[in-house]
$ cat my_file-v6.txt   # compact mmCIF, C-alpha atoms
# COMPACT_ATOMS: atom_id res chain seq x y z
CA MET A 1 -51.83 28.46 0.37
CA LYS A 2 -52.34 30.13 -2.97
CA VAL A 3 -53.48 33.74 -2.95
CA THR A 4 -55.44 33.21 -6.16
CA GLY A 5 -58.92 32.04 -5.21
CA ALA A 6 -58.38 32.56 -1.48
CA VAL A 7 -61.17 34.13 0.59
CA GLY A 8 -59.92 36.42 3.33
CA ILE A 9 -61.64 38.19 6.21
CA ILE A 10 -59.92 41.41 7.26
CA THR A 11 -61.06 43.23 10.38
CA GLY A 12 -60.39 46.95 10.43
CA GLY A 13 -59.83 46.69 6.69
CA GLY A 14 -61.41 49.99 5.75
CA GLY A 15 -58.06 51.75 5.86
CA GLY A 16 -54.39 51.46 6.74
CA LEU A 17 -52.78 48.03 6.99
CA GLY A 18 -56.02 46.12 6.57
CA ALA A 19 -56.90 47.95 3.37
CA GLY A 20 -53.45 47.10 2.04
CA VAL A 21 -54.18 43.40 2.52
CA ALA A 22 -57.60 43.75 0.87
CA ARG A 23 -56.02 45.37 -2.17
CA MET A 24 -53.33 42.70 -2.32
CA LEU A 25 -55.85 39.86 -2.25
CA ALA A 26 -58.00 41.46 -4.92
CA ALA A 27 -54.98 42.18 -7.14
CA HIS A 28 -53.89 38.53 -7.06
CA GLY A 29 -57.23 36.92 -7.75
CA GLY A 30 -58.48 36.48 -4.21
CA ARG A 31 -61.61 37.74 -2.45
CA ALA A 32 -61.34 40.20 0.46
CA VAL A 33 -64.19 40.62 2.92
CA VAL A 34 -63.69 43.68 5.09
CA LEU A 35 -65.25 43.79 8.55
CA ASP A 36 -65.22 47.35 9.82
CA LEU A 37 -67.46 49.99 11.35
CA GLU A 38 -70.21 51.61 9.30
CA THR A 39 -68.39 54.93 9.82
CA SER A 40 -65.14 53.64 8.27
CA ALA A 41 -63.94 54.12 4.71
CA ALA A 42 -64.65 50.47 3.88
CA ALA A 43 -67.65 51.30 1.68
CA ASP A 44 -65.41 53.50 -0.47
CA LEU A 45 -62.87 50.66 -0.73
CA GLU A 46 -65.63 48.27 -1.82
CA ARG A 47 -66.71 50.65 -4.58
CA GLU A 48 -63.13 51.23 -5.70
CA VAL A 49 -61.71 47.71 -5.76
CA THR A 50 -63.24 44.70 -7.49
CA ASN A 51 -63.42 41.57 -5.32
CA VAL A 52 -63.67 43.55 -2.07
CA THR A 53 -66.87 43.16 -0.04
CA PHE A 54 -67.73 45.30 2.98
CA VAL A 55 -69.69 43.76 5.85
CA PRO A 56 -70.34 46.40 8.57
CA THR A 57 -69.19 44.82 11.84
CA ASP A 58 -68.15 45.92 15.31
CA VAL A 59 -65.65 43.28 16.47
CA SER A 60 -66.52 43.99 20.10
CA VAL A 61 -70.08 42.71 19.52
CA PRO A 62 -70.08 38.87 19.34
CA ASP A 63 -73.44 38.61 17.56
CA GLN A 64 -72.15 40.84 14.75
CA VAL A 65 -68.95 38.80 14.45
CA ARG A 66 -70.89 35.54 14.25
CA ALA A 67 -73.32 36.93 11.67
CA ALA A 68 -70.48 38.27 9.50
CA VAL A 69 -68.53 35.00 9.55
CA ASP A 70 -71.67 32.98 8.82
CA ARG A 71 -72.44 35.26 5.88
CA VAL A 72 -68.95 34.90 4.38
CA ARG A 73 -69.02 31.11 4.75
CA ALA A 74 -72.48 30.93 3.19
CA GLU A 75 -71.63 33.20 0.24
CA TYR A 76 -68.14 31.94 -0.61
CA GLY A 77 -68.09 28.42 0.77
CA ARG A 78 -64.89 28.78 2.78
CA ILE A 79 -62.61 31.19 4.65
CA ASP A 80 -58.90 30.75 3.99
CA LEU A 81 -57.37 33.80 5.62
CA CYS A 82 -58.19 36.00 8.60
CA VAL A 83 -56.25 39.19 9.32
CA ASN A 84 -57.07 40.89 12.62
CA ALA A 85 -56.21 44.55 12.03
CA ALA A 86 -59.03 46.25 13.96
CA GLY A 87 -57.83 48.25 16.94
CA ILE A 88 -57.75 51.52 18.83
CA SER A 89 -54.91 53.26 20.66
CA PRO A 90 -55.99 56.07 23.01
CA ALA A 91 -53.05 57.43 25.02
CA GLN A 92 -53.07 57.90 28.80
CA ARG A 93 -50.39 57.72 31.45
CA VAL A 94 -51.02 55.39 34.39
CA VAL A 95 -50.80 58.52 36.54
CA ASP A 96 -50.62 61.85 34.70
CA ARG A 97 -48.69 64.99 35.66
CA ARG A 98 -51.63 66.22 37.70
CA GLY A 99 -51.75 63.01 39.74
CA ARG A 100 -54.86 61.64 38.05
CA ALA A 101 -55.06 57.86 37.59
CA HIS A 102 -55.63 56.18 34.25
CA ASP A 103 -59.32 55.98 33.35
CA LEU A 104 -60.34 52.34 33.88
CA PRO A 105 -63.20 52.27 31.32
CA THR A 106 -60.73 53.41 28.65
CA PHE A 107 -58.35 50.57 29.55
CA GLU A 108 -61.22 48.09 29.43
CA LYS A 109 -62.45 49.41 26.07
CA VAL A 110 -59.02 49.00 24.47
CA LEU A 111 -58.76 45.40 25.67
CA ASP A 112 -62.36 44.72 24.64
CA ILE A 113 -61.66 45.72 21.04
CA ASN A 114 -57.98 44.90 20.57
CA LEU A 115 -57.84 41.63 22.51
CA VAL A 116 -61.27 40.22 23.36
CA GLY A 117 -62.68 41.27 19.99
CA ALA A 118 -59.68 39.78 18.19
CA PHE A 119 -60.03 36.51 20.10
CA ASP A 120 -63.74 36.35 19.31
CA VAL A 121 -62.94 36.72 15.62
CA ILE A 122 -60.18 34.12 15.89
CA ARG A 123 -62.36 31.49 17.56
CA THR A 124 -65.31 32.08 15.25
CA VAL A 125 -63.28 32.09 12.05
CA ALA A 126 -61.17 29.11 13.14
CA ALA A 127 -64.31 27.07 13.72
CA ALA A 128 -65.42 27.91 10.18
CA MET A 129 -61.95 27.17 8.76
CA SER A 130 -61.93 23.74 10.41
CA GLY A 131 -64.62 22.66 7.95
CA ASN A 132 -62.54 23.57 4.89
CA GLU A 133 -61.25 20.89 2.59
CA ALA A 134 -57.56 20.49 3.38
CA GLY A 135 -55.01 21.75 0.88
CA PRO A 136 -51.29 20.92 0.51
CA ASP A 137 -49.66 20.00 3.85
CA GLY A 138 -53.17 19.49 5.24
CA GLU A 139 -53.67 23.24 5.59
CA ARG A 140 -57.16 24.63 6.10
CA GLY A 141 -56.47 28.25 6.99
CA LEU A 142 -54.18 31.03 8.16
CA ILE A 143 -54.79 33.60 10.89
CA VAL A 144 -52.61 36.72 11.04
CA ASN A 145 -52.86 38.94 14.09
CA VAL A 146 -51.66 42.53 14.03
CA SER A 147 -49.72 43.37 17.17
CA SER A 148 -47.25 46.26 17.43
CA ALA A 149 -43.72 47.12 18.45
CA ALA A 150 -45.51 48.56 21.49
CA GLY A 151 -46.46 45.01 22.43
CA LEU A 152 -42.75 44.38 22.94
CA GLU A 153 -41.55 47.85 23.98
CA GLY A 154 -44.42 49.85 25.41
CA GLN A 155 -43.91 53.59 25.53
CA VAL A 156 -45.23 56.35 27.77
CA GLY A 157 -49.00 56.58 27.63
CA GLN A 158 -49.45 53.16 26.05
CA ALA A 159 -50.45 50.96 29.00
CA ALA A 160 -53.75 49.76 27.53
CA TYR A 161 -52.44 49.43 23.98
CA THR A 162 -49.30 47.61 25.17
CA ALA A 163 -51.34 45.20 27.28
CA SER A 164 -53.63 44.33 24.37
CA LYS A 165 -50.88 43.98 21.77
CA GLY A 166 -48.55 42.14 24.12
CA ALA A 167 -51.29 39.60 24.79
CA LEU A 168 -51.62 38.90 21.06
CA ILE A 169 -47.89 38.23 20.94
CA ALA A 170 -48.14 35.87 23.90
CA LEU A 171 -51.03 34.00 22.28
CA THR A 172 -49.26 33.39 18.98
CA LEU A 173 -47.57 30.06 19.73
CA GLN A 174 -50.41 28.88 21.95
CA LEU A 175 -52.98 29.46 19.21
CA ALA A 176 -50.76 27.74 16.64
CA ARG A 177 -50.52 24.70 18.90
CA ASP A 178 -54.25 24.68 19.68
CA LEU A 179 -55.29 24.94 16.04
CA ALA A 180 -52.68 22.61 14.54
CA ILE A 181 -55.06 19.63 14.68
CA HIS A 182 -57.32 21.52 12.27
CA GLY A 183 -54.52 22.50 9.87
CA ILE A 184 -54.74 26.19 10.78
CA ARG A 185 -51.59 28.29 11.07
CA VAL A 186 -51.22 31.43 13.21
CA MET A 187 -48.76 34.27 12.66
CA THR A 188 -48.40 37.68 14.29
CA VAL A 189 -46.90 40.85 12.86
CA ALA A 190 -45.44 43.54 15.11
CA PRO A 191 -45.30 46.64 12.90
CA GLY A 192 -43.17 49.60 13.82
CA ILE A 193 -43.89 53.09 12.53
CA MET A 194 -46.24 52.76 9.59
CA ASP A 195 -47.55 55.43 7.25
CA THR A 196 -51.25 54.94 7.95
CA PRO A 197 -54.14 57.37 8.55
CA MET A 198 -53.14 57.47 12.24
CA LEU A 199 -50.16 59.64 11.20
CA ALA A 200 -52.09 61.80 8.76
CA GLY A 201 -52.25 64.82 11.06
CA ILE A 202 -48.60 65.11 12.09
CA ASP A 203 -46.38 67.87 10.75
CA GLY A 204 -43.30 67.46 8.58
CA ASP A 205 -40.78 67.82 11.42
CA ARG A 206 -42.48 65.15 13.51
CA ARG A 207 -42.72 62.83 10.50
CA ALA A 208 -39.01 63.30 9.80
CA ALA A 209 -38.21 62.47 13.43
CA LEU A 210 -40.21 59.24 13.16
CA VAL A 211 -38.44 58.28 9.95
CA ASP A 212 -35.10 58.89 11.65
CA LEU A 213 -35.93 56.21 14.23
CA HIS A 214 -35.72 53.60 11.49
CA VAL A 215 -32.28 52.06 11.20
CA PHE A 216 -32.70 51.08 7.53
CA PRO A 217 -34.40 51.84 5.25
CA LYS A 218 -35.03 55.45 6.24
CA ARG A 219 -38.73 55.57 5.45
CA LEU A 220 -42.01 54.76 7.13
CA GLY A 221 -43.58 51.38 6.58
CA THR A 222 -46.53 51.17 4.22
CA PRO A 223 -49.71 49.10 3.89
CA GLU A 224 -48.08 47.56 0.81
CA ASP A 225 -45.13 46.37 2.94
CA PHE A 226 -47.54 44.78 5.38
CA ALA A 227 -49.61 43.17 2.63
CA ALA A 228 -46.48 41.72 1.01
CA LEU A 229 -45.59 40.08 4.33
CA VAL A 230 -49.08 38.58 4.65
CA LYS A 231 -48.76 37.23 1.10
CA CYS A 232 -45.48 35.60 2.10
CA PHE A 233 -47.18 34.01 5.11
CA MET A 234 -49.88 32.63 2.84
CA GLU A 235 -47.45 31.08 0.38
CA VAL A 236 -44.88 29.62 2.81
CA THR A 237 -46.73 27.06 4.91
CA LEU A 238 -43.74 26.34 7.14
CA LEU A 239 -44.26 29.74 8.74
CA ASN A 240 -46.30 29.13 11.89
CA GLY A 241 -46.45 30.24 15.52
CA GLU A 242 -44.05 33.15 15.06
CA VAL A 243 -44.00 36.91 15.66
CA VAL A 244 -42.37 38.94 12.87
CA ARG A 245 -41.25 42.53 13.43
CA LEU A 246 -41.90 44.83 10.48
CA ASP A 247 -40.00 47.88 11.64
CA ALA A 248 -36.72 48.55 9.75
CA ALA A 249 -34.80 47.45 12.89
CA THR A 250 -36.39 50.18 15.00
CA ARG A 251 -36.34 49.81 18.77
CA LEU A 252 -38.65 52.28 20.46
$ encode --input "my_file-v6.txt" --output "structure tokens"
Amino acid sequence: MKVTGAVGIITGGGGGLGAGVARMLAAHGGRAVVLDLETSAAADLEREVTNVTFVPTDVSVPDQVRAAVDRVRAEYGRIDLCVNAAGISPAQRVVDRRGRAHDLPTFEKVLDINLVGAFDVIRTVAAAMSGNEAGPDGERGLIVNVSSAAGLEGQVGQAAYTASKGALIALTLQLARDLAIHGIRVMTVAPGIMDTPMLAGIDGDRRAALVDLHVFPKRLGTPEDFAALVKCFMEVTLLNGEVVRLDAATRL
């Protein structure tokens, strides 16, 4: 798949990793359509970067997902790429130090956004992609799901997040097999410690400690690193059904 001319949907693309992909697509002659909340920074990204379009969407609301995908297909004629970067990560222990059990609605909300919402986007976009004219190798589209190192090595307080991200990892090969008849590839990225807005409030000592967890190179990952990996996925069609760690050999 060529990046030039490609139309990509990016959920959670108002900032962080998703915004990195939007900028990459726009810089290489593609079109990025960002699906994010009205309260996100996606409107600023749309004003700043040519070839980025913001469609306010809550991925946990199926009607909004359907309307957004229908709009993109109607306006641009096809959808070549989908990057599922929308997600939340509230922290709670299963039982805290005071003996209080994990809040069940919080667990359900994380799965509703990170997993159910992602699957809704996947199924809706894949149905649209199946109508694309096939390119080289018979390819019609690429779906990239954003998991996490926590999906492989969940840490304290990450039960809900680990469950949601681990499920995306488990789905990777299954989705690739299911969608192969339509010429749609599926890849998953498991980022490690990335320099995104989620880390904006930490102090210098804590940031240095996080950097030290990386084996090599000794720096945090960036949205540009992530976007470069997505670009590689787009261009190398033999990549399919695999989970790629983007974490400088870190093991949490």
$ residues_around --input "my_file-v6.txt" --residues "Ala227 in chain A" --least-positions-apart "4" --cutoff "10 Å" --atoms "all atoms listed in the file" --output "PyMOL selection string"
chain A and resi 17-25+222-223+231-233
$ residues_around --input "my_file-v6.txt" --residues "Thr53 in chain A" --least-positions-apart "2" --cutoff "9 Å" --atoms "only C-alpha atoms" --output "list in words"
Arg31, Ala32, Val33, Val34, Leu35, Ala42, Ala43, Leu45, Glu46, Arg47, Val49, Thr50, Asn51 and Val55 of chain A
$ residues_around --input "my_file-v6.txt" --residues "Asp137 in chain A" --least-positions-apart "6" --cutoff "12 Å" --atoms "all atoms listed in the file" --output "number ranges by chain"
A: 1, 180, 182-185, 235-238
$ residues_near_point --input "my_file-v6.txt" --point "(-68.2, 29.2, -1.0)" --cutoff "12 Å" --atoms "only C-alpha atoms" --output "MDAnalysis selection string"
chainID A and resid 5:8 31 70:80 128:129 131:133
$ atom_distance --input "my_file-v6.txt" --atom1 "CA of Pro191 in chain A" --atom2 "CA of Ser148 in chain A"
4.9 Å
$ closest_residue --input "my_file-v6.txt" --among "A:Val69, A:Ala208, A:Val243, A:Ala27" --to "Ile169 in chain A" --atoms "all atoms listed in the file"
A:Val243
$ residues_near_point --input "my_file-v6.txt" --point "(-57.4, 50.0, 14.1)" --cutoff "12 Å" --atoms "all atoms listed in the file" --output "MDAnalysis selection string"
chainID A and resid 10:19 35:37 40 58:59 83:90 110 113:115 117:118 145:148 161 165 196:198
$ atom_distance --input "my_file-v6.txt" --atom1 "CA of Arg140 in chain A" --atom2 "CA of Ile9 in chain A"
14.3 Å
$ atom_distance --input "my_file-v6.txt" --atom1 "CA of Thr250 in chain A" --atom2 "CA of Gln174 in chain A"
26.4 Å
$ residues_around --input "my_file-v6.txt" --residues "Leu246 in chain A" --least-positions-apart "3" --cutoff "7 Å" --atoms "all atoms listed in the file" --output "MDAnalysis selection string"
chainID A and resid 189:192
$ residues_around --input "my_file-v6.txt" --residues "Phe107 in chain A" --least-positions-apart "5" --cutoff "8 Å" --atoms "all atoms listed in the file" --output "ChimeraX atom specification"
/A:102,159-160
$ closest_residue --input "my_file-v6.txt" --among "A:Asp96, A:Glu242, A:Glu139, A:Asp247" --to "His214 in chain A" --atoms "all atoms listed in the file"
A:Asp247
$ axis_aligned_box --input "my_file-v6.txt" --around "range 8-23 of chain A" --padding-each-side "5 Å" --output "lines of an AutoDock Vina configuration file"
center_x = -57.2
center_y = 44.1
center_z = 4.1
size_x = 18.9
size_y = 25.3
size_z = 22.6
$ closest_residue --input "my_file-v6.txt" --among "A:Leu252, A:Leu199, A:Ile181, A:Ala170" --to "Gly154 in chain A" --atoms "only C-alpha atoms"
A:Leu252
$ build_atoms --input "my_file-v6.txt" --residues "range 20-51 of chain A" --atoms "N, CA and C atoms" --output "PDB file, keeping the file's coordinate frame"
ATOM      1  N   GLY A  20     -54.551  47.577   2.868  1.00  0.00           N
ATOM      2  CA  GLY A  20     -53.450  47.100   2.040  1.00  0.00           C
ATOM      3  C   GLY A  20     -53.579  45.615   1.739  1.00  0.00           C
ATOM      4  N   VAL A  21     -53.987  44.837   2.736  1.00  0.00           N
ATOM      5  CA  VAL A  21     -54.180  43.400   2.520  1.00  0.00           C
ATOM      6  C   VAL A  21     -55.358  43.153   1.582  1.00  0.00           C
ATOM      7  N   ALA A  22     -56.442  43.910   1.756  1.00  0.00           N
ATOM      8  CA  ALA A  22     -57.600  43.750   0.870  1.00  0.00           C
ATOM      9  C   ALA A  22     -57.219  44.011  -0.575  1.00  0.00           C
ATOM     10  N   ARG A  23     -56.451  45.059  -0.800  1.00  0.00           N
ATOM     11  CA  ARG A  23     -56.020  45.370  -2.170  1.00  0.00           C
ATOM     12  C   ARG A  23     -55.110  44.282  -2.723  1.00  0.00           C
ATOM     13  N   MET A  24     -54.239  43.763  -1.884  1.00  0.00           N
ATOM     14  CA  MET A  24     -53.330  42.700  -2.320  1.00  0.00           C
ATOM     15  C   MET A  24     -54.106  41.457  -2.735  1.00  0.00           C
ATOM     16  N   LEU A  25     -55.057  41.042  -1.911  1.00  0.00           N
ATOM     17  CA  LEU A  25     -55.850  39.860  -2.250  1.00  0.00           C
ATOM     18  C   LEU A  25     -56.583  40.048  -3.569  1.00  0.00           C
ATOM     19  N   ALA A  26     -57.234  41.197  -3.705  1.00  0.00           N
ATOM     20  CA  ALA A  26     -58.000  41.460  -4.920  1.00  0.00           C
ATOM     21  C   ALA A  26     -57.099  41.485  -6.155  1.00  0.00           C
ATOM     22  N   ALA A  27     -55.906  42.061  -6.006  1.00  0.00           N
ATOM     23  CA  ALA A  27     -54.980  42.180  -7.140  1.00  0.00           C
ATOM     24  C   ALA A  27     -54.447  40.836  -7.608  1.00  0.00           C
ATOM     25  N   HIS A  28     -54.446  39.840  -6.715  1.00  0.00           N
ATOM     26  CA  HIS A  28     -53.890  38.530  -7.060  1.00  0.00           C
ATOM     27  C   HIS A  28     -54.969  37.466  -7.204  1.00  0.00           C
ATOM     28  N   GLY A  29     -56.184  37.892  -7.453  1.00  0.00           N
ATOM     29  CA  GLY A  29     -57.230  36.920  -7.750  1.00  0.00           C
ATOM     30  C   GLY A  29     -57.922  36.320  -6.567  1.00  0.00           C
ATOM     31  N   GLY A  30     -57.779  36.948  -5.400  1.00  0.00           N
ATOM     32  CA  GLY A  30     -58.480  36.480  -4.210  1.00  0.00           C
ATOM     33  C   GLY A  30     -59.725  37.317  -3.952  1.00  0.00           C
ATOM     34  N   ARG A  31     -60.424  37.007  -2.875  1.00  0.00           N
ATOM     35  CA  ARG A  31     -61.610  37.740  -2.450  1.00  0.00           C
ATOM     36  C   ARG A  31     -61.370  38.267  -1.039  1.00  0.00           C
ATOM     37  N   ALA A  32     -61.517  39.584  -0.852  1.00  0.00           N
ATOM     38  CA  ALA A  32     -61.340  40.200   0.460  1.00  0.00           C
ATOM     39  C   ALA A  32     -62.687  40.629   1.017  1.00  0.00           C
ATOM     40  N   VAL A  33     -62.987  40.202   2.229  1.00  0.00           N
ATOM     41  CA  VAL A  33     -64.190  40.620   2.920  1.00  0.00           C
ATOM     42  C   VAL A  33     -63.769  41.458   4.119  1.00  0.00           C
ATOM     43  N   VAL A  34     -64.120  42.731   4.075  1.00  0.00           N
ATOM     44  CA  VAL A  34     -63.690  43.680   5.090  1.00  0.00           C
ATOM     45  C   VAL A  34     -64.757  43.822   6.164  1.00  0.00           C
ATOM     46  N   LEU A  35     -64.368  43.560   7.409  1.00  0.00           N
ATOM     47  CA  LEU A  35     -65.250  43.790   8.550  1.00  0.00           C
ATOM     48  C   LEU A  35     -64.774  45.058   9.249  1.00  0.00           C
ATOM     49  N   ASP A  36     -65.596  46.077   9.223  1.00  0.00           N
ATOM     50  CA  ASP A  36     -65.220  47.350   9.820  1.00  0.00           C
ATOM     51  C   ASP A  36     -66.497  48.087  10.207  1.00  0.00           C
ATOM     52  N   LEU A  37     -66.324  49.201  10.906  1.00  0.00           N
ATOM     53  CA  LEU A  37     -67.460  49.990  11.350  1.00  0.00           C
ATOM     54  C   LEU A  37     -68.157  50.666  10.175  1.00  0.00           C
ATOM     55  N   GLU A  38     -69.431  50.927  10.338  1.00  0.00           N
ATOM     56  CA  GLU A  38     -70.210  51.610   9.300  1.00  0.00           C
ATOM     57  C   GLU A  38     -69.604  52.965   8.979  1.00  0.00           C
ATOM     58  N   THR A  39     -68.962  53.590   9.989  1.00  0.00           N
ATOM     59  CA  THR A  39     -68.390  54.930   9.820  1.00  0.00           C
ATOM     60  C   THR A  39     -67.008  54.913   9.172  1.00  0.00           C
ATOM     61  N   SER A  40     -66.473  53.748   8.872  1.00  0.00           N
ATOM     62  CA  SER A  40     -65.140  53.640   8.270  1.00  0.00           C
ATOM     63  C   SER A  40     -65.202  53.953   6.784  1.00  0.00           C
ATOM     64  N   ALA A  41     -64.026  53.884   6.151  1.00  0.00           N
ATOM     65  CA  ALA A  41     -63.940  54.120   4.710  1.00  0.00           C
ATOM     66  C   ALA A  41     -64.092  52.828   3.910  1.00  0.00           C
ATOM     67  N   ALA A  42     -64.569  51.759   4.548  1.00  0.00           N
ATOM     68  CA  ALA A  42     -64.650  50.470   3.880  1.00  0.00           C
ATOM     69  C   ALA A  42     -65.615  50.467   2.704  1.00  0.00           C
ATOM     70  N   ALA A  43     -66.701  51.237   2.803  1.00  0.00           N
ATOM     71  CA  ALA A  43     -67.650  51.300   1.680  1.00  0.00           C
ATOM     72  C   ALA A  43     -66.989  51.904   0.450  1.00  0.00           C
ATOM     73  N   ASP A  44     -66.141  52.901   0.652  1.00  0.00           N
ATOM     74  CA  ASP A  44     -65.410  53.500  -0.470  1.00  0.00           C
ATOM     75  C   ASP A  44     -64.454  52.477  -1.083  1.00  0.00           C
ATOM     76  N   LEU A  45     -63.795  51.689  -0.232  1.00  0.00           N
ATOM     77  CA  LEU A  45     -62.870  50.660  -0.730  1.00  0.00           C
ATOM     78  C   LEU A  45     -63.638  49.627  -1.547  1.00  0.00           C
ATOM     79  N   GLU A  46     -64.819  49.245  -1.091  1.00  0.00           N
ATOM     80  CA  GLU A  46     -65.630  48.270  -1.820  1.00  0.00           C
ATOM     81  C   GLU A  46     -66.004  48.784  -3.201  1.00  0.00           C
ATOM     82  N   ARG A  47     -66.352  50.072  -3.279  1.00  0.00           N
ATOM     83  CA  ARG A  47     -66.710  50.650  -4.580  1.00  0.00           C
ATOM     84  C   ARG A  47     -65.501  50.767  -5.510  1.00  0.00           C
ATOM     85  N   GLU A  48     -64.337  50.981  -4.913  1.00  0.00           N
ATOM     86  CA  GLU A  48     -63.130  51.230  -5.700  1.00  0.00           C
ATOM     87  C   GLU A  48     -62.472  49.967  -6.227  1.00  0.00           C
ATOM     88  N   VAL A  49     -62.503  48.902  -5.436  1.00  0.00           N
ATOM     89  CA  VAL A  49     -61.710  47.710  -5.760  1.00  0.00           C
ATOM     90  C   VAL A  49     -62.624  46.505  -6.004  1.00  0.00           C
ATOM     91  N   THR A  50     -62.502  45.924  -7.181  1.00  0.00           N
ATOM     92  CA  THR A  50     -63.240  44.700  -7.490  1.00  0.00           C
ATOM     93  C   THR A  50     -62.780  43.570  -6.579  1.00  0.00           C
ATOM     94  N   ASN A  51     -63.695  42.712  -6.199  1.00  0.00           N
ATOM     95  CA  ASN A  51     -63.420  41.570  -5.320  1.00  0.00           C
ATOM     96  C   ASN A  51     -63.191  41.966  -3.865  1.00  0.00           C
TER      97      ASN A  51
END
